[in-house]
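Source file: structure.cif; contents: mmCIF, C-alpha atoms and all ligand atoms.
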data_coords
loop_
_atom_site.group_PDB
_atom_site.id
_atom_site.type_symbol
_atom_site.label_atom_id
_atom_site.label_comp_id
_atom_site.auth_asym_id
_atom_site.auth_seq_id
_atom_site.Cartn_x
_atom_site.Cartn_y
_atom_site.Cartn_z
ATOM 1 C CA MET A 1 -3.610 -10.178 -17.816
ATOM 2 C CA ALA A 2 -0.974 -7.588 -17.087
ATOM 3 C CA ARG A 3 -1.289 -5.916 -13.717
ATOM 4 C CA GLN A 4 -0.408 -2.237 -13.633
ATOM 5 C CA PRO A 5 2.320 -1.637 -11.049
ATOM 6 C CA LEU A 6 1.418 0.523 -8.067
ATOM 7 C CA ILE A 7 3.899 2.583 -6.083
ATOM 8 C CA ALA A 8 2.280 3.911 -2.926
ATOM 9 C CA GLY A 9 4.119 6.285 -0.607
ATOM 10 C CA ASN A 10 3.120 5.765 3.020
ATOM 11 C CA TRP A 11 4.290 8.947 4.713
ATOM 12 C CA LYS A 12 3.381 7.593 8.161
ATOM 13 C CA MET A 13 3.249 10.356 10.808
ATOM 14 C CA ASN A 14 5.400 12.821 8.881
ATOM 15 C CA LEU A 15 4.819 16.244 7.270
ATOM 16 C CA ASN A 16 2.213 18.875 8.089
ATOM 17 C CA HIS A 17 -0.190 20.056 5.400
ATOM 18 C CA LEU A 18 2.150 22.762 4.099
ATOM 19 C CA GLU A 19 5.031 20.318 3.832
ATOM 20 C CA ALA A 20 2.628 17.876 2.161
ATOM 21 C CA ILE A 21 1.838 20.386 -0.576
ATOM 22 C CA ALA A 22 5.528 21.020 -1.177
ATOM 23 C CA LEU A 23 6.268 17.297 -1.447
ATOM 24 C CA VAL A 24 3.418 16.553 -3.861
ATOM 25 C CA GLN A 25 4.489 19.469 -6.050
ATOM 26 C CA LYS A 26 8.031 18.160 -6.059
ATOM 27 C CA VAL A 27 6.955 14.653 -7.086
ATOM 28 C CA ALA A 28 4.636 16.008 -9.784
ATOM 29 C CA PHE A 29 7.398 18.235 -11.137
ATOM 30 C CA ALA A 30 10.020 15.475 -11.129
ATOM 31 C CA LEU A 31 7.892 12.730 -12.690
ATOM 32 C CA PRO A 32 6.875 13.432 -16.303
ATOM 33 C CA GLU A 33 3.309 12.478 -17.225
ATOM 34 C CA LYS A 34 4.361 9.771 -19.679
ATOM 35 C CA TYR A 35 5.413 7.505 -16.805
ATOM 36 C CA PHE A 36 1.857 7.361 -15.509
ATOM 37 C CA ALA A 37 0.821 5.211 -18.459
ATOM 38 C CA LYS A 38 3.007 2.460 -17.029
ATOM 39 C CA VAL A 39 2.754 2.904 -13.289
ATOM 40 C CA GLU A 40 0.140 4.111 -10.849
ATOM 41 C CA VAL A 41 1.622 6.364 -8.190
ATOM 42 C CA ALA A 42 -0.170 7.188 -4.940
ATOM 43 C CA VAL A 43 0.638 9.302 -1.908
ATOM 44 C CA ILE A 44 -0.724 8.245 1.469
ATOM 45 C CA PRO A 45 -0.357 11.211 3.846
ATOM 46 C CA PRO A 46 -1.595 11.663 7.422
ATOM 47 C CA PHE A 47 -5.318 12.525 7.756
ATOM 48 C CA THR A 48 -4.608 16.205 8.413
ATOM 49 C CA ASP A 49 -2.911 16.572 4.998
ATOM 50 C CA ILE A 50 -5.482 14.819 2.850
ATOM 51 C CA ARG A 51 -7.641 17.851 2.050
ATOM 52 C CA SER A 52 -4.615 19.897 0.943
ATOM 53 C CA VAL A 53 -3.270 17.039 -1.162
ATOM 54 C CA GLN A 54 -6.679 16.424 -2.739
ATOM 55 C CA THR A 55 -7.084 20.111 -3.602
ATOM 56 C CA LEU A 56 -3.665 20.240 -5.235
ATOM 57 C CA ILE A 57 -4.163 17.039 -7.222
ATOM 58 C CA ASP A 58 -7.617 18.088 -8.417
ATOM 59 C CA GLY A 59 -6.720 21.718 -9.066
ATOM 60 C CA ASP A 60 -3.644 20.940 -11.134
ATOM 61 C CA LYS A 61 -5.104 17.768 -12.658
ATOM 62 C CA LEU A 62 -2.147 15.756 -11.410
ATOM 63 C CA LEU A 63 -2.127 12.082 -12.280
ATOM 64 C CA LEU A 64 -1.197 11.068 -8.742
ATOM 65 C CA LYS A 65 -3.670 9.088 -6.642
ATOM 66 C CA HIS A 66 -4.085 9.617 -2.928
ATOM 67 C CA GLY A 67 -5.233 7.688 0.086
ATOM 68 C CA ALA A 68 -5.248 7.318 3.857
ATOM 69 C CA GLN A 69 -3.190 5.289 6.310
ATOM 70 C CA ASP A 70 -6.039 3.954 8.427
ATOM 71 C CA VAL A 71 -9.805 4.169 8.881
ATOM 72 C CA SER A 72 -12.454 3.486 11.472
ATOM 73 C CA GLU A 73 -14.449 0.307 11.119
ATOM 74 C CA HIS A 74 -17.571 2.373 11.934
ATOM 75 C CA ASP A 75 -19.399 4.658 9.520
ATOM 76 C CA SER A 76 -20.297 7.400 12.017
ATOM 77 C CA GLY A 77 -21.187 7.986 15.645
ATOM 78 C CA ALA A 78 -19.643 8.301 19.085
ATOM 79 C CA TYR A 79 -16.095 7.178 18.269
ATOM 80 C CA THR A 80 -13.946 10.067 19.467
ATOM 81 C CA GLY A 81 -10.815 10.580 17.421
ATOM 82 C CA GLU A 82 -11.768 8.234 14.591
ATOM 83 C CA VAL A 83 -12.100 9.004 10.888
ATOM 84 C CA SER A 84 -14.685 7.101 8.857
ATOM 85 C CA ALA A 85 -14.584 5.572 5.389
ATOM 86 C CA PRO A 86 -17.408 7.832 4.109
ATOM 87 C CA MET A 87 -15.308 10.853 5.196
ATOM 88 C CA LEU A 88 -12.300 9.544 3.300
ATOM 89 C CA ALA A 89 -14.391 8.746 0.229
ATOM 90 C CA LYS A 90 -15.693 12.322 0.304
ATOM 91 C CA LEU A 91 -12.061 13.510 0.186
ATOM 92 C CA GLY A 92 -11.579 11.558 -3.025
ATOM 93 C CA CYS A 93 -9.336 8.882 -1.527
ATOM 94 C CA ASP A 94 -8.573 6.012 -3.884
ATOM 95 C CA TYR A 95 -6.786 3.812 -1.348
ATOM 96 C CA VAL A 96 -6.857 3.139 2.373
ATOM 97 C CA VAL A 97 -4.111 1.172 4.089
ATOM 98 C CA VAL A 98 -5.471 -1.341 6.600
ATOM 99 C CA GLY A 99 -3.569 -3.613 8.955
ATOM 100 C CA HIS A 100 -0.188 -1.939 8.717
ATOM 101 C CA SER A 101 2.163 -3.716 11.118
ATOM 102 C CA GLU A 102 2.566 -0.474 13.096
ATOM 103 C CA ARG A 103 -1.206 -0.453 13.720
ATOM 104 C CA ARG A 104 -1.198 -4.149 14.546
ATOM 105 C CA GLU A 105 1.685 -3.673 16.969
ATOM 106 C CA TYR A 106 0.982 -0.301 18.634
ATOM 107 C CA HIS A 107 -2.810 -0.340 18.461
ATOM 108 C CA ALA A 108 -3.424 -4.049 18.977
ATOM 109 C CA GLU A 109 -5.268 -4.468 15.678
ATOM 110 C CA THR A 110 -6.243 -8.075 15.098
ATOM 111 C CA ASP A 111 -7.086 -9.779 11.812
ATOM 112 C CA GLU A 112 -10.768 -9.331 12.754
ATOM 113 C CA VAL A 113 -10.353 -5.558 13.089
ATOM 114 C CA VAL A 114 -8.423 -5.452 9.810
ATOM 115 C CA ASN A 115 -11.237 -7.412 8.159
ATOM 116 C CA ARG A 116 -13.899 -4.959 9.407
ATOM 117 C CA LYS A 117 -11.811 -2.010 8.214
ATOM 118 C CA ALA A 118 -11.312 -3.576 4.771
ATOM 119 C CA ARG A 119 -15.085 -4.052 4.507
ATOM 120 C CA ALA A 120 -15.725 -0.427 5.482
ATOM 121 C CA VAL A 121 -13.318 0.747 2.780
ATOM 122 C CA LEU A 122 -14.871 -1.437 0.082
ATOM 123 C CA LYS A 123 -18.391 -0.435 1.063
ATOM 124 C CA ASN A 124 -17.372 3.135 0.308
ATOM 125 C CA GLN A 125 -15.933 2.423 -3.142
ATOM 126 C CA MET A 126 -12.267 2.728 -2.216
ATOM 127 C CA ALA A 127 -9.578 0.056 -2.422
ATOM 128 C CA PRO A 128 -8.046 -1.285 0.781
ATOM 129 C CA ILE A 129 -4.316 -1.944 0.800
ATOM 130 C CA VAL A 130 -4.287 -4.917 3.158
ATOM 131 C CA CYS A 131 -0.906 -5.283 4.860
ATOM 132 C CA VAL A 132 0.506 -8.584 6.049
ATOM 133 C CA GLY A 133 3.960 -9.725 7.072
ATOM 134 C CA GLU A 134 5.884 -11.608 9.711
ATOM 135 C CA PRO A 135 8.071 -10.408 12.584
ATOM 136 C CA LEU A 136 11.702 -11.509 12.734
ATOM 137 C CA GLU A 137 11.187 -14.415 15.150
ATOM 138 C CA VAL A 138 8.537 -15.940 12.868
ATOM 139 C CA ARG A 139 10.848 -15.630 9.848
ATOM 140 C CA GLU A 140 13.696 -17.223 11.804
ATOM 141 C CA ALA A 141 11.449 -20.109 12.798
ATOM 142 C CA GLY A 142 10.461 -20.596 9.132
ATOM 143 C CA GLY A 143 6.804 -19.639 9.624
ATOM 144 C CA HIS A 144 6.741 -16.567 7.353
ATOM 145 C CA VAL A 145 4.608 -18.007 4.542
ATOM 146 C CA GLU A 146 2.024 -19.497 6.857
ATOM 147 C CA HIS A 147 1.885 -16.354 9.019
ATOM 148 C CA SER A 148 1.403 -13.983 6.091
ATOM 149 C CA THR A 149 -1.126 -16.101 4.170
ATOM 150 C CA SER A 150 -3.201 -16.624 7.271
ATOM 151 C CA GLN A 151 -3.246 -12.857 7.984
ATOM 152 C CA LEU A 152 -4.408 -12.283 4.409
ATOM 153 C CA ILE A 153 -7.148 -14.907 4.305
ATOM 154 C CA ASN A 154 -8.462 -13.759 7.712
ATOM 155 C CA GLY A 155 -8.307 -10.137 6.620
ATOM 156 C CA LEU A 156 -10.490 -10.865 3.584
ATOM 157 C CA LYS A 157 -12.980 -13.141 5.347
ATOM 158 C CA GLY A 158 -16.563 -12.821 4.145
ATOM 159 C CA LEU A 159 -15.778 -10.623 1.144
ATOM 160 C CA LYS A 160 -17.456 -11.436 -2.143
ATOM 161 C CA ALA A 161 -15.275 -12.318 -5.111
ATOM 162 C CA GLU A 162 -16.040 -9.001 -6.842
ATOM 163 C CA GLN A 163 -14.893 -7.147 -3.711
ATOM 164 C CA VAL A 164 -11.696 -9.171 -3.458
ATOM 165 C CA ARG A 165 -10.826 -8.013 -6.987
ATOM 166 C CA GLN A 166 -10.567 -4.414 -5.696
ATOM 167 C CA VAL A 167 -8.126 -5.291 -2.931
ATOM 168 C CA VAL A 168 -4.422 -4.503 -3.056
ATOM 169 C CA VAL A 169 -2.197 -6.691 -0.885
ATOM 170 C CA ALA A 170 1.051 -5.462 0.666
ATOM 171 C CA TYR A 171 3.610 -7.918 1.975
ATOM 172 C CA GLU A 172 5.739 -6.071 4.494
ATOM 173 C CA PRO A 173 8.037 -8.237 6.603
ATOM 174 C CA VAL A 174 8.219 -6.382 9.922
ATOM 175 C CA TRP A 175 11.986 -6.856 10.198
ATOM 176 C CA ALA A 176 12.520 -5.002 6.906
ATOM 177 C CA ILE A 177 10.467 -1.902 7.796
ATOM 178 C CA GLY A 178 12.542 1.189 8.447
ATOM 179 C CA THR A 179 15.609 -0.930 9.132
ATOM 180 C CA GLY A 180 17.388 -0.580 5.812
ATOM 181 C CA LYS A 181 17.247 -4.375 5.723
ATOM 182 C CA VAL A 182 15.370 -5.126 2.510
ATOM 183 C CA ALA A 183 14.206 -8.700 1.945
ATOM 184 C CA THR A 184 16.032 -10.247 -0.980
ATOM 185 C CA ALA A 185 13.972 -10.217 -4.148
ATOM 186 C CA ALA A 186 13.782 -14.018 -3.900
ATOM 187 C CA ASP A 187 12.530 -13.897 -0.290
ATOM 188 C CA ALA A 188 9.889 -11.315 -1.185
ATOM 189 C CA GLN A 189 8.851 -13.298 -4.270
ATOM 190 C CA GLU A 190 8.505 -16.490 -2.226
ATOM 191 C CA VAL A 191 5.900 -14.939 0.063
ATOM 192 C CA CYS A 192 4.139 -12.914 -2.653
ATOM 193 C CA ALA A 193 3.780 -16.075 -4.778
ATOM 194 C CA ALA A 194 2.374 -17.928 -1.766
ATOM 195 C CA LEU A 195 -0.100 -15.113 -1.132
ATOM 196 C CA ARG A 196 -1.264 -15.280 -4.742
ATOM 197 C CA ALA A 197 -1.574 -19.069 -4.537
ATOM 198 C CA ALA A 198 -3.693 -18.722 -1.376
ATOM 199 C CA LEU A 199 -5.925 -16.208 -3.175
ATOM 200 C CA ALA A 200 -6.235 -18.574 -6.143
ATOM 201 C CA ASP A 201 -7.221 -21.418 -3.824
ATOM 202 C CA LYS A 202 -9.929 -19.394 -2.189
ATOM 203 C CA TYR A 203 -11.226 -17.150 -4.979
ATOM 204 C CA GLY A 204 -10.051 -18.769 -8.215
ATOM 205 C CA ARG A 205 -7.088 -18.230 -10.487
ATOM 206 C CA ASP A 206 -8.654 -15.388 -12.530
ATOM 207 C CA ILE A 207 -9.196 -13.211 -9.488
ATOM 208 C CA ALA A 208 -5.805 -14.062 -7.996
ATOM 209 C CA ASP A 209 -4.151 -13.027 -11.261
ATOM 210 C CA GLU A 210 -5.845 -9.622 -11.171
ATOM 211 C CA ILE A 211 -4.858 -8.676 -7.624
ATOM 212 C CA ARG A 212 -1.829 -6.494 -7.152
ATOM 213 C CA ILE A 213 0.618 -7.634 -4.502
ATOM 214 C CA LEU A 214 3.100 -5.028 -3.318
ATOM 215 C CA TYR A 215 6.289 -5.489 -1.358
ATOM 216 C CA GLY A 216 7.189 -3.058 1.428
ATOM 217 C CA GLY A 217 10.250 -2.679 3.632
ATOM 218 C CA SER A 218 13.222 -0.407 2.908
ATOM 219 C CA VAL A 219 12.312 0.012 -0.780
ATOM 220 C CA LYS A 220 14.423 2.606 -2.621
ATOM 221 C CA SER A 221 15.136 3.568 -6.216
ATOM 222 C CA SER A 222 18.204 1.327 -6.059
ATOM 223 C CA ASN A 223 16.316 -1.886 -5.223
ATOM 224 C CA ILE A 224 12.838 -1.409 -6.775
ATOM 225 C CA GLY A 225 13.993 -2.682 -10.189
ATOM 226 C CA GLU A 226 14.947 -6.095 -8.908
ATOM 227 C CA LEU A 227 11.859 -6.395 -6.701
ATOM 228 C CA ILE A 228 9.412 -5.453 -9.410
ATOM 229 C CA GLY A 229 11.153 -7.827 -11.803
ATOM 230 C CA GLN A 230 9.726 -10.719 -9.746
ATOM 231 C CA THR A 231 6.682 -12.494 -11.169
ATOM 232 C CA ASP A 232 4.379 -11.875 -8.234
ATOM 233 C CA ILE A 233 5.522 -8.421 -7.080
ATOM 234 C CA ASP A 234 3.412 -5.665 -8.611
ATOM 235 C CA GLY A 235 4.814 -2.604 -6.917
ATOM 236 C CA ALA A 236 5.761 -1.280 -3.532
ATOM 237 C CA LEU A 237 4.485 0.332 -0.375
ATOM 238 C CA VAL A 238 7.261 2.787 0.354
ATOM 239 C CA GLY A 239 7.910 4.452 3.711
ATOM 240 C CA GLY A 240 11.070 6.494 4.243
ATOM 241 C CA ALA A 241 11.944 6.911 0.560
ATOM 242 C CA SER A 242 8.518 8.417 -0.184
ATOM 243 C CA LEU A 243 9.365 11.495 1.913
ATOM 244 C CA ASN A 244 11.976 12.673 -0.586
ATOM 245 C CA GLY A 245 10.284 13.965 -3.756
ATOM 246 C CA ASP A 246 13.178 13.331 -6.123
ATOM 247 C CA GLU A 247 13.840 9.860 -4.743
ATOM 248 C CA PHE A 248 10.151 8.914 -4.857
ATOM 249 C CA ALA A 249 9.873 10.170 -8.444
ATOM 250 C CA LYS A 250 12.996 8.206 -9.395
ATOM 251 C CA LEU A 251 11.669 5.075 -7.703
ATOM 252 C CA SER A 252 8.314 5.431 -9.495
ATOM 253 C CA ALA A 253 10.056 5.921 -12.833
ATOM 254 C CA MET A 254 12.106 2.770 -12.243
ATOM 255 C CA ALA A 255 8.879 0.867 -11.581
ATOM 256 C CA ALA A 256 7.615 2.152 -14.942
ATOM 257 C CA GLY A 257 10.593 0.480 -16.565
ATOM 258 C CA GLY A 258 12.994 3.329 -17.124
ATOM 259 C CA PRO A 259 15.073 5.890 -15.291
ATOM 260 C CA LEU A 260 14.161 9.574 -15.331
ATOM 261 C CA PRO A 261 15.689 11.547 -18.211
HETATM 262 O O1 LIG A 301 6.172 0.344 6.394
HETATM 263 C C1 LIG A 301 6.525 0.653 5.256
HETATM 264 C C2 LIG A 301 5.553 1.169 4.288
HETATM 265 O O2 LIG A 301 4.239 1.002 4.730
HETATM 266 C C3 LIG A 301 7.933 0.541 4.840
HETATM 267 O O3 LIG A 301 8.664 1.549 5.447
HETATM 268 P P1 LIG A 301 10.190 1.811 4.972
HETATM 269 O O4 LIG A 301 10.159 1.946 3.471
HETATM 270 O O5 LIG A 301 10.579 3.084 5.662
HETATM 271 O O6 LIG A 301 10.968 0.621 5.410
#

Would you mind writing the file out in structure tokens?
Amino acid sequence: MARQPLIAGNWKMNLNHLEAIALVQKVAFALPEKYFAKVEVAVIPPFTDIRSVQTLIDGDKLLLKHGAQDVSEHDSGAYTGEVSAPMLAKLGCDYVVVGHSERREYHAETDEVVNRKARAVLKNQMAPIVCVGEPLEVREAGGHVEHSTSQLINGLKGLKAEQVRQVVVAYEPVWAIGTGKVATAADAQEVCAALRAALADKYGRDIADEIRILYGGSVKSSNIGELIGQTDIDGALVGGASLNGDEFAKLSAMAAGGPLP
């Protein structure tokens, strides 16, 4: 079964809501509708931008999807500063990133936390983008496959097979994030294939074949073609390059199989 590629732009902590509107308009203007038949394109802005982005997408019937970068594991209550999955669902979010390495590193998120967040997202009919990936010292010691597969299997613990089907996986080697140092297509494929094999082991081949596995780490329009040409890479989680509307549109068009006119 063919998996539809997904290009998701993780804006991280960039752009206020006015800048967000300008960027979404730019992407929508630069990327003709016909490309959306071949690639799903999502923007993942900061929480404070989501309402503006949702209003624009809905109002102009744009084909872009949108999501959030994080979520609380709790549904409601005395959790000052947190944003819940029901709140994000109400804002029409399609995707929620969980377990990004920046959250794991700066906010001490463990696999158990990531697992509870993924469950909260699924319970509210959105798709979690579960991020995994090794730091440089693990890669240098040769433990990258083991590290990433174990993060994934722990992150999905206790989910039913029909929930696992909704999950998107993102392999983001920490050493390739924001460094300009993209993993070679072969390196990325090695880990993405291992992640799919681990999913097949645990949930069966049919489910593993349905799940989209993205690569993330210094993805640009100039390298997406080679990455997406790999058997087990179904798109990208894009940081820096998603902040430039023309570049993000170009990158998305490349993932759809052809350059922009
Ligand atoms: O962390 C990333 C996306 O979630 C990747 O960021 P860069 O594309 O800026 O390397």

| Any idea what's packed within 10 Å of Leu64 in chain A, counting all atoms listed in the file, ignoring anything in its chain fewer than 5 positions away? Could you give it as a VMD selection string? | chain A and resid 8 24 27 to 28 33 36 40 to 43 53 to 54 57 to 58

| Near Leu91 in chain A, counting all atoms listed in the file, which residues have an atom at most 9 Å away, once you skip same-chain residues fewer than 2 positions from it, shown as an MDAnalysis selection string? | chainID A and resid 50:51 54 67 86:89 93

| task | Pull out every residue that the PyMOL selection byres (((chain A and resi 145) around 9) and not hetatm) matches in the shown coordinates and put them as JSON, numbers by chain. | result | {"A": [133, 134, 139, 142, 143, 144, 146, 147, 148, 149, 150, 190, 191, 192, 194, 195]}

| query | Looking at A:Glu140, A:Glu172, A:Glu105, A:Glu82, which one is nearest to ligand LIG 301 (chain A), with distances taken over all atoms listed in the file? | reply |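 Among the listed residues, the smallest separation from ligand LIG 301 (chain A) belongs to A:Glu172.
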
| message | To check your reading of the model: which residues sit at most 7 Å from ligand LIG 301 (chain A) when counting only C-alpha atoms and all ligand atoms? Write the answer as a ChimeraX atom specification. | response | /A:10,100,172,176-180,216-219,237-241

Only C-alpha atoms, please: the residues just picked out, written as a CSV table (one decimal), in the coordinates of the input.
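Listed below is the output, part.csv:
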chain,number,residue,atom,x,y,z
A,10,ASN,CA,3.1,5.8,3.0
A,100,HIS,CA,-0.2,-1.9,8.7
A,172,GLU,CA,5.7,-6.1,4.5
A,176,ALA,CA,12.5,-5.0,6.9
A,177,ILE,CA,10.5,-1.9,7.8
A,178,GLY,CA,12.5,1.2,8.4
A,179,THR,CA,15.6,-0.9,9.1
A,180,GLY,CA,17.4,-0.6,5.8
A,216,GLY,CA,7.2,-3.1,1.4
A,217,GLY,CA,10.2,-2.7,3.6
A,218,SER,CA,13.2,-0.4,2.9
A,219,VAL,CA,12.3,0.0,-0.8
A,237,LEU,CA,4.5,0.3,-0.4
A,238,VAL,CA,7.3,2.8,0.4
A,239,GLY,CA,7.9,4.5,3.7
A,240,GLY,CA,11.1,6.5,4.2
A,241,ALA,CA,11.9,6.9,0.6

| query | A:Phe29, A:Ala161, A:Asp94, A:Lys220: which is nearest Leu243 in chain A, counting all atoms listed in the file? | reply |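 Closest candidate: A:Lys220.
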
| request: Write out as a PyMOL selection string each polymer residue whose atoms come within 8 Å of Ile21 in chain A, counting all atoms listed in the file; drop sequence neighbours fewer than 3 positions from it. | output: chain A and resi 17-18+24-25+52-53+56

My structure is short of atoms at range 95-122 of chain A; please model N, CA and C atoms there, returning them as a tab-separated table (two decimals), in the frame of the given file.
chain	number	residue	atom	x	y	z
A	95	TYR	N	-7.30	4.95	-2.12
A	95	TYR	CA	-6.79	3.81	-1.35
A	95	TYR	C	-6.83	4.09	0.15
A	96	VAL	N	-7.00	3.02	0.92
A	96	VAL	CA	-6.86	3.14	2.37
A	96	VAL	C	-6.04	1.94	2.86
A	97	VAL	N	-4.95	2.23	3.52
A	97	VAL	CA	-4.11	1.17	4.09
A	97	VAL	C	-4.83	0.59	5.31
A	98	VAL	N	-4.92	-0.71	5.39
A	98	VAL	CA	-5.47	-1.34	6.60
A	98	VAL	C	-4.51	-2.43	7.07
A	99	GLY	N	-4.38	-2.54	8.38
A	99	GLY	CA	-3.57	-3.61	8.96
A	99	GLY	C	-2.08	-3.42	8.84
A	100	HIS	N	-1.64	-2.15	8.72
A	100	HIS	CA	-0.19	-1.94	8.72
A	100	HIS	C	0.40	-2.52	10.00
A	101	SER	N	1.60	-3.05	9.93
A	101	SER	CA	2.16	-3.72	11.12
A	101	SER	C	2.31	-2.74	12.29
A	102	GLU	N	2.47	-1.44	11.99
A	102	GLU	CA	2.57	-0.47	13.10
A	102	GLU	C	1.22	-0.32	13.80
A	103	ARG	N	0.13	-0.48	13.09
A	103	ARG	CA	-1.21	-0.45	13.72
A	103	ARG	C	-1.44	-1.77	14.47
A	104	ARG	N	-1.03	-2.86	13.87
A	104	ARG	CA	-1.20	-4.15	14.55
A	104	ARG	C	-0.41	-4.15	15.85
A	105	GLU	N	0.81	-3.60	15.81
A	105	GLU	CA	1.68	-3.67	16.97
A	105	GLU	C	1.34	-2.63	18.04
A	106	TYR	N	1.16	-1.37	17.63
A	106	TYR	CA	0.98	-0.30	18.63
A	106	TYR	C	-0.47	-0.06	19.00
A	107	HIS	N	-1.39	-0.58	18.19
A	107	HIS	CA	-2.81	-0.34	18.46
A	107	HIS	C	-3.58	-1.66	18.56
A	108	ALA	N	-2.84	-2.73	18.74
A	108	ALA	CA	-3.42	-4.05	18.98
A	108	ALA	C	-4.49	-4.43	17.96
A	109	GLU	N	-4.27	-4.10	16.69
A	109	GLU	CA	-5.27	-4.47	15.68
A	109	GLU	C	-5.13	-5.94	15.32
A	110	THR	N	-6.23	-6.65	15.42
A	110	THR	CA	-6.24	-8.07	15.10
A	110	THR	C	-6.68	-8.26	13.64
A	111	ASP	N	-6.60	-9.48	13.16
A	111	ASP	CA	-7.09	-9.78	11.81
A	111	ASP	C	-8.57	-9.44	11.68
A	112	GLU	N	-9.31	-9.61	12.78
A	112	GLU	CA	-10.77	-9.33	12.75
A	112	GLU	C	-11.01	-7.83	12.56
A	113	VAL	N	-10.23	-7.02	13.25
A	113	VAL	CA	-10.35	-5.56	13.09
A	113	VAL	C	-9.99	-5.18	11.65
A	114	VAL	N	-8.89	-5.75	11.17
A	114	VAL	CA	-8.42	-5.45	9.81
A	114	VAL	C	-9.52	-5.83	8.81
A	115	ASN	N	-10.15	-6.96	9.03
A	115	ASN	CA	-11.24	-7.41	8.16
A	115	ASN	C	-12.39	-6.40	8.16
A	116	ARG	N	-12.77	-5.92	9.34
A	116	ARG	CA	-13.90	-4.96	9.41
A	116	ARG	C	-13.52	-3.64	8.74
A	117	LYS	N	-12.26	-3.25	8.87
A	117	LYS	CA	-11.81	-2.01	8.21
A	117	LYS	C	-11.80	-2.18	6.69
A	118	ALA	N	-11.33	-3.31	6.23
A	118	ALA	CA	-11.31	-3.58	4.77
A	118	ALA	C	-12.73	-3.52	4.22
A	119	ARG	N	-13.68	-4.09	4.95
A	119	ARG	CA	-15.08	-4.05	4.51
A	119	ARG	C	-15.61	-2.63	4.44
A	120	ALA	N	-15.26	-1.82	5.46
A	120	ALA	CA	-15.72	-0.43	5.48
A	120	ALA	C	-15.18	0.33	4.27
A	121	VAL	N	-13.94	0.07	3.92
A	121	VAL	CA	-13.32	0.75	2.78
A	121	VAL	C	-14.03	0.35	1.48
A	122	LEU	N	-14.23	-0.94	1.31
A	122	LEU	CA	-14.87	-1.44	0.08
A	122	LEU	C	-16.31	-0.94	-0.05
